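Okay, upload.csv is below, CSV, C-alpha atoms and all ligand atoms:
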```csv
chain,number,residue,atom,x,y,z
I,2,MET,CA,17.0,151.7,87.1
I,3,ALA,CA,15.5,152.0,90.7
I,4,MET,CA,18.1,149.4,91.8
I,5,MET,CA,21.0,151.4,90.5
I,6,ARG,CA,19.7,154.6,92.2
I,7,SER,CA,19.4,152.8,95.6
I,8,ASP,CA,23.0,151.4,95.1
I,9,LEU,CA,24.2,154.9,94.4
I,10,GLY,CA,22.5,156.1,97.6
I,11,ILE,CA,24.1,153.4,99.7
I,12,MET,CA,27.5,154.2,98.2
I,13,LYS,CA,27.0,157.9,99.1
I,14,ILE,CA,26.1,157.0,102.7
I,15,LEU,CA,29.1,154.7,103.0
I,16,ARG,CA,31.4,157.4,101.6
I,17,LEU,CA,30.0,160.0,104.1
I,18,LYS,CA,30.3,157.5,106.9
I,19,LYS,CA,34.0,156.9,106.0
I,20,ARG,CA,34.7,160.6,105.8
I,21,GLY,CA,33.0,161.1,109.2
I,22,CYS,CA,35.0,158.3,110.7
I,23,PHE,CA,38.2,159.8,109.4
I,24,LEU,CA,37.4,163.3,110.7
I,25,LEU,CA,36.6,161.7,114.1
I,26,LYS,CA,40.1,160.0,114.1
I,27,LEU,CA,41.7,163.4,113.4
I,28,LEU,CA,39.8,165.1,116.1
I,29,CYS,CA,40.7,162.4,118.6
I,30,LEU,CA,44.4,162.9,117.8
I,31,VAL,CA,44.2,166.6,118.3
I,32,VAL,CA,42.2,166.3,121.6
I,33,LEU,CA,44.6,163.6,122.9
I,34,ALA,CA,47.7,165.8,122.1
I,35,LEU,CA,46.0,168.8,123.8
I,36,ILE,CA,44.9,166.9,126.9
I,37,PHE,CA,48.4,165.4,127.3
I,38,CYS,CA,50.4,168.6,126.7
I,39,GLU,CA,48.1,171.0,128.6
I,40,PHE,CA,47.0,168.8,131.6
I,41,LEU,CA,48.6,165.4,132.0
I,42,VAL,CA,52.2,166.3,131.4
I,43,TYR,CA,52.2,168.4,134.6
I,44,TYR,CA,51.0,165.4,136.6
I,45,VAL,CA,53.4,163.0,134.9
I,46,VAL,CA,56.4,165.3,135.7
I,47,ILE,CA,55.5,166.7,139.1
I,48,PHE,CA,54.5,163.2,140.3
I,49,GLN,CA,58.1,162.3,140.2
I,50,CYS,CA,59.0,165.0,142.8
I,51,HIS,CA,59.1,164.1,146.5
I,52,TRP,CA,59.7,165.8,149.8
I,53,PRO,CA,63.3,165.3,150.9
I,54,GLU,CA,64.1,163.4,154.1
I,55,VAL,CA,65.2,165.4,157.0
I,56,LYS,CA,66.9,164.4,160.3
I,57,ILE,CA,64.4,164.6,163.2
I,58,GLU,CA,65.3,165.0,166.9
I,59,ALA,CA,65.6,161.5,168.4
I,60,HIS,CA,63.3,162.1,171.4
I,61,ARG,CA,60.2,162.7,169.2
I,62,SER,CA,57.9,159.8,168.4
I,63,SER,CA,57.4,159.0,164.6
I,64,LYS,CA,53.9,160.4,164.6
I,65,GLN,CA,55.0,163.6,166.3
I,66,SER,CA,58.0,163.9,164.1
I,67,SER,CA,56.2,163.7,160.7
I,68,ALA,CA,53.8,166.4,162.0
I,69,SER,CA,56.6,168.6,163.1
I,70,VAL,CA,58.3,168.8,159.7
I,71,LEU,CA,57.3,171.9,157.8
I,72,LYS,CA,56.7,171.3,154.1
I,73,ALA,CA,57.6,174.5,152.3
I,74,MET,CA,57.6,175.3,148.6
I,75,PHE,CA,59.7,178.2,147.2
I,76,LEU,CA,59.2,179.7,143.8
I,77,SER,CA,60.2,182.9,142.2
I,78,ASP,CA,59.9,185.4,139.3
I,79,THR,CA,56.5,184.5,137.9
I,80,HIS,CA,56.5,187.9,136.0
I,81,LEU,CA,52.8,188.0,135.1
I,82,LEU,CA,52.8,190.1,132.0
I,83,GLY,CA,51.2,193.5,132.0
I,84,GLU,CA,49.1,195.4,129.5
I,85,ILE,CA,52.0,197.5,128.1
I,86,LYS,CA,54.7,195.0,127.2
I,87,GLY,CA,52.7,191.7,127.3
I,88,HIS,CA,51.3,190.2,124.1
I,89,TRP,CA,47.9,188.6,124.8
I,90,LEU,CA,48.9,185.2,123.4
I,91,ASP,CA,52.2,185.2,125.4
I,92,LYS,CA,50.2,186.1,128.5
I,93,LEU,CA,47.6,183.5,127.9
I,94,ARG,CA,50.1,180.7,127.3
I,95,ARG,CA,52.5,181.6,130.2
I,96,GLU,CA,49.8,182.1,132.7
I,97,TRP,CA,48.0,178.8,131.8
I,98,GLN,CA,51.3,176.9,132.2
I,99,MET,CA,52.1,178.5,135.6
I,100,GLU,CA,48.5,177.9,136.8
I,101,ARG,CA,48.6,174.3,135.8
I,102,ALA,CA,52.0,173.7,137.3
I,103,PHE,CA,51.1,175.4,140.5
I,104,GLN,CA,47.7,173.7,140.9
I,105,THR,CA,49.1,170.3,140.0
I,106,ALA,CA,51.9,170.8,142.6
I,107,LEU,CA,49.4,171.8,145.2
I,108,SER,CA,47.2,168.7,144.7
I,109,LEU,CA,50.1,166.2,144.4
I,110,LEU,CA,52.5,167.6,147.0
I,111,GLU,CA,50.2,169.3,149.6
I,112,PRO,CA,52.7,171.8,151.0
I,113,ASP,CA,52.0,173.6,154.3
I,114,ILE,CA,53.3,176.9,153.0
I,115,VAL,CA,54.3,178.4,149.7
I,116,PHE,CA,56.7,181.4,149.3
I,117,ILE,CA,57.0,183.4,146.1
I,118,LEU,CA,60.3,185.3,146.2
I,119,GLY,CA,59.3,188.4,144.3
I,120,ASP,CA,58.7,189.8,140.8
I,121,VAL,CA,55.2,188.3,140.8
I,122,PHE,CA,54.2,190.9,138.2
I,123,ASP,CA,56.2,192.2,135.3
I,124,GLU,CA,54.8,195.7,135.2
I,125,GLY,CA,53.9,196.5,138.9
I,126,LYS,CA,56.6,199.1,138.7
I,127,TRP,CA,54.6,201.3,136.4
I,128,SER,CA,51.1,199.9,136.0
I,129,SER,CA,48.0,202.1,136.3
I,130,SER,CA,45.6,201.2,139.2
I,131,GLN,CA,43.3,199.5,136.7
I,132,ALA,CA,46.0,197.4,135.2
I,133,TRP,CA,47.3,196.6,138.7
I,134,ALA,CA,43.8,195.4,139.7
I,135,ASP,CA,43.6,193.2,136.6
I,136,ASP,CA,47.0,191.7,137.3
I,137,VAL,CA,46.1,191.0,140.9
I,138,ARG,CA,42.8,189.4,139.8
I,139,ARG,CA,44.7,187.0,137.4
I,140,PHE,CA,47.3,186.3,140.1
I,141,GLN,CA,44.7,185.3,142.6
I,142,LYS,CA,43.0,183.0,140.2
I,143,MET,CA,46.2,181.3,139.1
I,144,PHE,CA,47.6,180.9,142.6
I,145,ARG,CA,44.4,180.0,144.4
I,146,HIS,CA,45.0,177.6,147.2
I,147,PRO,CA,43.1,175.6,149.8
I,148,VAL,CA,42.9,176.9,153.4
I,149,ARG,CA,45.4,174.3,154.6
I,150,THR,CA,48.1,175.9,152.4
I,151,GLU,CA,49.4,179.4,153.1
I,152,LEU,CA,50.8,181.6,150.4
I,153,MET,CA,53.3,184.3,151.2
I,154,VAL,CA,54.8,186.8,148.8
I,155,VAL,CA,58.1,188.7,149.1
I,156,VAL,CA,58.3,192.0,147.2
I,157,GLY,CA,60.5,192.3,144.1
I,158,ASN,CA,61.8,195.2,141.9
I,159,HIS,CA,59.2,194.5,139.2
I,160,ASP,CA,56.4,194.7,141.7
I,161,ILE,CA,57.2,198.1,143.1
I,162,GLY,CA,60.1,199.3,140.9
I,163,PHE,CA,63.8,199.5,141.4
I,164,HIS,CA,64.9,201.8,144.3
I,165,TYR,CA,64.8,205.0,142.2
I,166,GLU,CA,61.2,204.3,141.0
I,167,MET,CA,59.8,202.8,144.2
I,168,THR,CA,57.2,205.0,145.9
I,169,THR,CA,55.1,204.7,149.0
I,170,TYR,CA,52.0,204.4,146.8
I,171,LYS,CA,53.3,201.4,145.0
I,172,LEU,CA,54.5,199.8,148.2
I,173,LYS,CA,51.1,200.4,149.8
I,174,ARG,CA,49.1,198.8,147.0
I,175,PHE,CA,51.4,195.8,147.2
I,176,ALA,CA,51.0,195.6,150.9
I,177,LYS,CA,47.2,195.8,150.6
I,178,VAL,CA,47.2,192.6,148.5
I,179,PHE,CA,50.1,190.7,150.1
I,180,ASN,CA,50.3,192.2,153.6
I,181,PHE,CA,54.0,192.8,153.2
I,182,THR,CA,56.1,196.0,153.1
I,183,SER,CA,59.4,196.4,154.9
I,184,GLY,CA,60.0,193.0,156.6
I,185,LYS,CA,58.0,190.3,158.2
I,186,LEU,CA,58.7,187.4,160.6
I,187,ILE,CA,56.7,184.2,160.2
I,188,THR,CA,57.0,181.3,162.6
I,189,ARG,CA,55.5,178.0,161.6
I,190,LYS,CA,56.1,174.7,163.4
I,191,GLY,CA,59.0,176.3,165.3
I,192,VAL,CA,60.7,177.5,162.1
I,193,ASN,CA,61.4,181.2,161.8
I,194,PHE,CA,61.3,182.9,158.3
I,195,VAL,CA,62.3,186.5,157.8
I,196,MET,CA,60.9,188.0,154.7
I,197,VAL,CA,63.0,191.0,153.5
I,198,ASN,CA,62.2,193.9,151.3
I,199,SER,CA,65.5,193.8,149.5
I,200,VAL,CA,64.6,196.6,147.1
I,201,ALA,CA,64.6,198.9,150.2
I,202,LEU,CA,68.1,198.0,151.2
I,203,GLU,CA,69.8,200.7,149.2
I,204,GLY,CA,71.4,202.2,152.3
I,205,ASP,CA,70.8,205.8,151.3
I,206,GLY,CA,68.4,206.6,154.2
I,207,CYS,CA,65.3,207.1,151.9
I,208,THR,CA,62.0,207.0,153.8
I,209,VAL,CA,61.1,203.5,152.7
I,210,CYS,CA,64.7,202.4,153.2
I,211,SER,CA,65.0,203.6,156.8
I,212,ARG,CA,61.6,202.2,157.6
I,213,ALA,CA,62.7,198.8,156.2
I,214,GLU,CA,66.0,198.8,158.1
I,215,ALA,CA,64.3,199.8,161.4
I,216,LYS,CA,61.8,196.9,161.0
I,217,LEU,CA,64.6,194.4,160.2
I,218,MET,CA,66.6,195.6,163.2
I,219,LYS,CA,63.5,195.1,165.4
I,220,LEU,CA,63.0,191.6,164.1
I,221,SER,CA,66.7,190.8,164.6
I,222,HIS,CA,66.5,192.0,168.2
I,223,LYS,CA,63.4,189.8,168.8
I,224,LEU,CA,65.1,186.7,167.4
I,225,ASN,CA,68.4,187.3,169.2
I,226,CYS,CA,66.5,187.7,172.5
I,227,SER,CA,64.7,184.5,172.0
I,228,GLN,CA,67.9,182.7,171.4
I,229,GLN,CA,69.5,184.2,174.6
I,230,GLN,CA,66.5,183.4,176.7
I,231,GLU,CA,66.7,179.8,175.5
I,232,GLN,CA,70.3,179.6,176.6
I,233,ASN,CA,69.2,181.2,180.0
I,234,HIS,CA,71.3,184.4,179.3
I,235,SER,CA,69.4,187.2,181.0
I,236,ASN,CA,69.6,190.5,179.2
I,237,LYS,CA,67.9,193.7,180.4
I,238,ARG,CA,67.3,194.8,176.8
I,239,CYS,CA,65.3,191.6,176.2
I,240,SER,CA,62.8,192.1,179.0
I,241,GLY,CA,59.2,192.3,177.7
I,242,VAL,CA,60.3,191.0,174.2
I,243,GLU,CA,57.9,188.3,172.9
I,244,GLN,CA,59.6,184.9,173.0
I,245,LEU,CA,59.9,183.0,169.7
I,246,PRO,CA,61.2,179.5,169.0
I,247,ALA,CA,65.0,179.8,169.5
I,248,SER,CA,65.8,178.6,165.9
I,249,GLU,CA,68.1,180.4,163.5
I,250,PRO,CA,65.9,182.0,160.9
I,251,ILE,CA,65.7,181.4,157.1
I,252,LEU,CA,66.0,184.6,155.1
I,253,LEU,CA,63.7,185.1,152.1
I,254,GLN,CA,64.3,187.9,149.7
I,255,HIS,CA,64.2,188.9,146.1
I,256,TYR,CA,67.8,190.2,145.4
I,257,PRO,CA,70.5,187.7,146.2
I,258,LEU,CA,73.2,188.7,148.7
I,259,TYR,CA,76.3,190.2,147.1
I,260,ARG,CA,78.3,187.9,144.8
I,261,ARG,CA,80.7,188.9,142.1
I,262,SER,CA,79.0,187.0,139.3
I,263,ASP,CA,77.4,183.7,138.5
I,264,ALA,CA,80.8,182.3,137.4
I,265,GLU,CA,80.9,179.7,140.2
I,266,CYS,CA,77.3,178.5,139.7
I,267,THR,CA,76.8,175.0,138.4
I,268,GLY,CA,73.9,172.8,137.3
I,269,GLU,CA,71.7,172.5,134.3
I,270,ASP,CA,69.7,175.5,135.2
I,271,SER,CA,72.5,177.9,136.1
I,272,ALA,CA,73.1,180.9,133.9
I,273,LEU,CA,74.2,180.5,130.3
I,274,PRO,CA,78.0,180.2,129.8
I,275,GLU,CA,78.2,183.5,128.0
I,276,GLU,CA,76.4,185.3,130.9
I,277,LYS,CA,78.2,183.6,133.8
I,278,ASN,CA,81.2,185.9,133.8
I,279,ILE,CA,79.4,189.2,133.4
I,280,PRO,CA,80.1,191.0,136.7
I,281,PHE,CA,77.0,191.8,138.9
I,282,LYS,CA,76.1,195.4,139.6
I,283,GLU,CA,75.5,196.1,143.3
I,284,LYS,CA,72.0,197.3,144.2
I,285,TYR,CA,70.8,196.2,140.8
I,286,ASP,CA,71.7,192.5,140.2
I,287,VAL,CA,72.5,191.7,143.8
I,288,LEU,CA,72.4,193.5,147.1
I,289,SER,CA,75.3,195.8,148.0
I,290,ARG,CA,78.2,194.3,150.0
I,291,GLU,CA,77.2,196.5,152.9
I,292,ALA,CA,73.5,195.5,153.0
I,293,SER,CA,74.5,191.8,152.6
I,294,GLN,CA,76.9,192.0,155.5
I,295,LYS,CA,74.2,193.7,157.6
I,296,LEU,CA,71.7,191.0,157.0
I,297,LEU,CA,74.2,188.3,157.9
I,298,TRP,CA,75.1,190.2,161.2
I,299,TRP,CA,71.6,190.9,162.1
I,300,PHE,CA,70.1,187.5,161.6
I,301,HIS,CA,72.8,184.8,161.5
I,302,PRO,CA,70.5,182.9,159.1
I,303,ARG,CA,71.0,179.2,158.6
I,304,LEU,CA,69.7,179.4,155.0
I,305,ILE,CA,69.0,182.2,152.5
I,306,LEU,CA,66.6,181.8,149.5
I,307,SER,CA,66.5,184.5,146.8
I,308,GLY,CA,65.3,185.1,143.3
I,309,HIS,CA,65.9,187.9,140.7
I,310,THR,CA,68.6,186.2,138.5
I,311,HIS,CA,66.1,183.7,136.9
I,312,SER,CA,68.9,181.1,137.1
I,313,ALA,CA,70.0,178.6,139.7
I,314,CYS,CA,73.0,179.0,141.9
I,315,GLU,CA,74.3,177.8,145.3
I,316,VAL,CA,76.6,180.1,147.2
I,317,LEU,CA,78.2,179.6,150.6
I,318,HIS,CA,78.6,182.9,152.6
I,319,ASN,CA,81.3,183.2,155.3
I,320,GLY,CA,82.1,179.5,154.5
I,321,LYS,CA,78.9,178.2,156.2
I,322,ILE,CA,75.7,180.0,155.3
I,323,PRO,CA,74.2,178.5,152.1
I,324,GLU,CA,72.2,180.7,149.7
I,325,ILE,CA,70.0,179.2,147.0
I,326,SER,CA,69.1,181.3,144.0
I,327,VAL,CA,65.6,180.0,143.0
I,328,PRO,CA,65.2,180.1,139.1
I,329,SER,CA,62.2,181.7,137.5
I,330,PHE,CA,58.9,179.7,137.6
I,331,SER,CA,57.9,181.1,134.1
I,332,TRP,CA,58.5,179.3,130.8
I,333,ARG,CA,59.0,182.8,129.3
I,334,ASN,CA,62.3,183.0,131.1
I,335,ARG,CA,63.5,179.4,131.0
I,336,ASN,CA,63.0,176.1,129.1
I,337,ASN,CA,63.3,174.3,132.4
I,338,PRO,CA,61.5,176.2,135.2
I,339,SER,CA,61.5,174.7,138.7
I,340,PHE,CA,60.6,175.2,142.3
I,341,ILE,CA,62.3,174.2,145.5
I,342,MET,CA,60.7,171.8,148.0
I,343,GLY,CA,62.0,172.1,151.6
I,344,SER,CA,61.4,169.7,154.5
I,345,ILE,CA,62.2,172.0,157.5
I,346,THR,CA,62.4,171.5,161.2
I,347,PRO,CA,63.6,174.0,163.8
I,348,THR,CA,67.1,172.4,163.8
I,349,ASP,CA,67.6,171.1,160.3
I,350,PHE,CA,66.4,171.3,156.7
I,351,SER,CA,66.6,169.4,153.5
I,352,LEU,CA,66.0,170.8,150.0
I,353,TYR,CA,64.9,169.2,146.7
I,354,LYS,CA,64.5,170.9,143.3
I,355,CYS,CA,61.3,169.9,141.4
I,356,PHE,CA,61.7,170.6,137.6
I,357,LEU,CA,58.6,171.3,135.6
I,358,PRO,CA,58.0,169.9,132.0
I,359,LEU,CA,60.5,171.1,129.5
I,360,GLU,CA,59.0,173.6,127.0
I,361,SER,CA,61.1,172.0,124.2
I,362,ARG,CA,59.7,168.5,125.0
I,363,VAL,CA,56.1,169.8,124.9
I,364,VAL,CA,56.8,171.5,121.5
I,365,THR,CA,58.3,168.2,120.2
I,366,ILE,CA,55.1,166.3,121.2
I,367,TYR,CA,53.0,168.8,119.4
I,368,CYS,CA,55.3,168.6,116.3
I,369,ILE,CA,55.0,164.8,116.3
I,370,ALA,CA,51.2,165.0,116.6
I,371,GLY,CA,51.1,167.6,113.8
I,372,ALA,CA,53.3,165.4,111.5
I,373,LEU,CA,51.0,162.4,112.3
I,374,LEU,CA,48.0,164.5,111.4
I,375,GLY,CA,49.6,165.5,108.1
I,376,VAL,CA,50.4,161.9,107.2
I,377,LEU,CA,46.9,160.7,108.0
I,378,ILE,CA,45.4,163.5,105.9
I,379,LEU,CA,47.7,162.7,103.0
I,380,ALA,CA,47.0,159.0,103.2
I,381,HIS,CA,43.3,159.7,103.3
I,382,LEU,CA,43.7,161.8,100.1
I,383,GLN,CA,45.7,158.8,98.7
I,384,LEU,CA,48.7,160.9,98.0
I,385,LEU,CA,50.7,158.6,100.1
I,386,ASN,CA,50.1,155.3,98.4
I,387,PRO,CA,51.9,152.3,100.0
I,388,PRO,CA,54.5,150.9,97.6
I,389,PHE,CA,52.3,147.8,96.8
I,390,TYR,CA,49.3,149.9,95.7
I,391,PHE,CA,51.7,152.2,93.9
I,392,ALA,CA,53.2,149.3,91.9
I,393,GLN,CA,49.7,147.9,91.2
I,394,HIS,CA,48.7,151.3,89.9
I,395,LEU,CA,51.8,151.4,87.6
I,396,ILE,CA,51.1,147.9,86.2
I,397,ARG,CA,47.5,148.8,85.5
I,398,LYS,CA,48.6,151.9,83.7
I,399,HIS,CA,51.2,149.9,81.7
I,400,LYS,CA,48.5,147.3,80.6
I,401,ALA,CA,46.3,150.1,79.4
I,402,VAL,CA,49.0,151.4,77.1
I,501,ZN,ZN,63.9,191.1,139.9
```

I'd like the structure from this file rewritten - as structure tokens, please.
Amino acid sequence: MAMMRSDLGIMKILRLKKRGCFLLKLLCLVVLALIFCEFLVYYVVIFQCHWPEVKIEAHRSSKQSSASVLKAMFLSDTHLLGEIKGHWLDKLRREWQMERAFQTALSLLEPDIVFILGDVFDEGKWSSSQAWADDVRRFQKMFRHPVRTELMVVVGNHDIGFHYEMTTYKLKRFAKVFNFTSGKLITRKGVNFVMVNSVALEGDGCTVCSRAEAKLMKLSHKLNCSQQQEQNHSNKRCSGVEQLPASEPILLQHYPLYRRSDAECTGEDSALPEEKNIPFKEKYDVLSREASQKLLWWFHPRLILSGHTHSACEVLHNGKIPEISVPSFSWRNRNNPSFIMGSITPTDFSLYKCFLPLESRVVTIYCIAGALLGVLILAHLQLLNPPFYFAQHLIRKHKAV
């Protein structure tokens, strides 16, 4: 009797052990899927991206030359969701994805400088001061960066509103965080970047608009004088103007320069075929023809990078000036977000697009893990008997009859 009781006890312990082991297996599967899809996948995908090669002036030594190439990263339209339109789960997911992508890119690629081309926030155009403070806090956490990497932000219509809803108050609170209002010139390693407030290029003489135009004209004067001084052209109007590297600038702005539509855009991340032929509205989808022409006259840029459309495009202005539309960095807007990596010298540049993990692929991995989990549970409950055991079970049943 005592023997039977101890046998029963051992069997109970064995059964419990088996169940514990099974639960551990399930937990391992779930944890592995999570670790891969939420951390490792960013490393696996971004590890394949590389800084493009760029021609370097022949007289520089190789050590000097590698140090003289500026490694710049460009991304756009992060659209951090606000308190009014953003669902908490959507917010959590998108912000986690962008934070992981950005932090992984920083640690693997070590850029010198990162530019975000506007629409950092989704509801900066109408958010209360409290909501704005909360959005800024989350932005600073997501896009934290080491001292060796600079982060520069261009203003977009979702940050301060379209022209008709843009106010000095909204512009000031943006400027307080990002130190940017009308226009800004940044020179790094001999490369000049002009950051433009394209929302203020309405051309109607509004206070913010005229301030922005005046600032841009001043910057254009400075750049043109530097180029003339380099070529030894003396110009009275340039006396006393601070001398900058005589390199043609790179324009960074939120709205693209005027183009009729995205019909000519190609590539896997260009606009959808049904959207490509929809004509763009000036001062809404793209800058007006007049403002676009002004920017080209003032700056003679060698490259333009812009955002706003959420899709990719490459346009050639006046037959020689390339403009790159940088797609959205958020998975909320695309299945295949990306950022641009630029190796830039004062005389040349080379660009490379780094794609981030596809949302659909991550979902597929989760589905496979879920299916595997289901099969394991069913097998454990012996609802999924292998054919051999199934046949054996049938024979036994037959014999019994
Ligand atoms: Zn926009």

- Message: If the limit is 12 Å from any atom of ligand ZN 501 (chain I), counting only C-alpha atoms and all ligand atoms, which residues qualify? Return them as a PyMOL selection string.
- Response: chain I and resi 77-80+118-126+155-164+198-200+254-257+284-288+307-312+326-329

- What does the distance between atom CA of I:Asn278 and atom CA of I:Arg290 come to in Å, to one decimal place?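 These atoms are spaced 18.5 Å apart.
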
- Between I:Asn236, I:Thr188, I:Ser248, I:Ser130, which has the minimum distance to I:Lys173 (counting all atoms listed in the file)?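 Checking each of I:Asn236, I:Thr188, I:Ser248, I:Ser130 against I:Lys173, counting all atoms listed in the file, the winner is I:Ser130.
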
- Using only C-alpha atoms, which residues sit within 12 Å of I:Ser108 once same-chain residues fewer than 6 positions away are excluded, as a PyMOL selection string? chain I and resi 43-44+47-48+101-102+145-147+149-150

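A straight line drawn from atom CA of I:Asn319 to atom CA of I:His301 is 10.6 Å long.
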
- Message: At a cut-off of 12 Å, using all atoms listed in the file, what residues contact I:Pro53? Leave out same-chain residues fewer than 2 positions from it and give the result as a list in words.
- Response: Cys50, His51, Val55, Lys56, Val70, Leu71, Lys72, Ala73, Met74, Leu110, Ile341, Met342, Gly343, Ser344, Ile345, Asp349, Phe350, Ser351, Leu352, Tyr353, Lys354 and Cys355 of chain I

- Message: Need the shell around I:Leu172: protein/DNA/RNA residues with any atom at most 7 Å away, counting only C-alpha atoms. Skip same-chain ones fewer than 4 positions apart. Format as an NGL selection string?
- Response: :I and (161 or 168 or 176 or 182)

- Task: May I ask which of the residues I:Lys13, I:Ser262, I:Val148, I:Cys210 is the closest one to I:Thr169, counting all atoms listed in the file?
- Result: I:Cys210
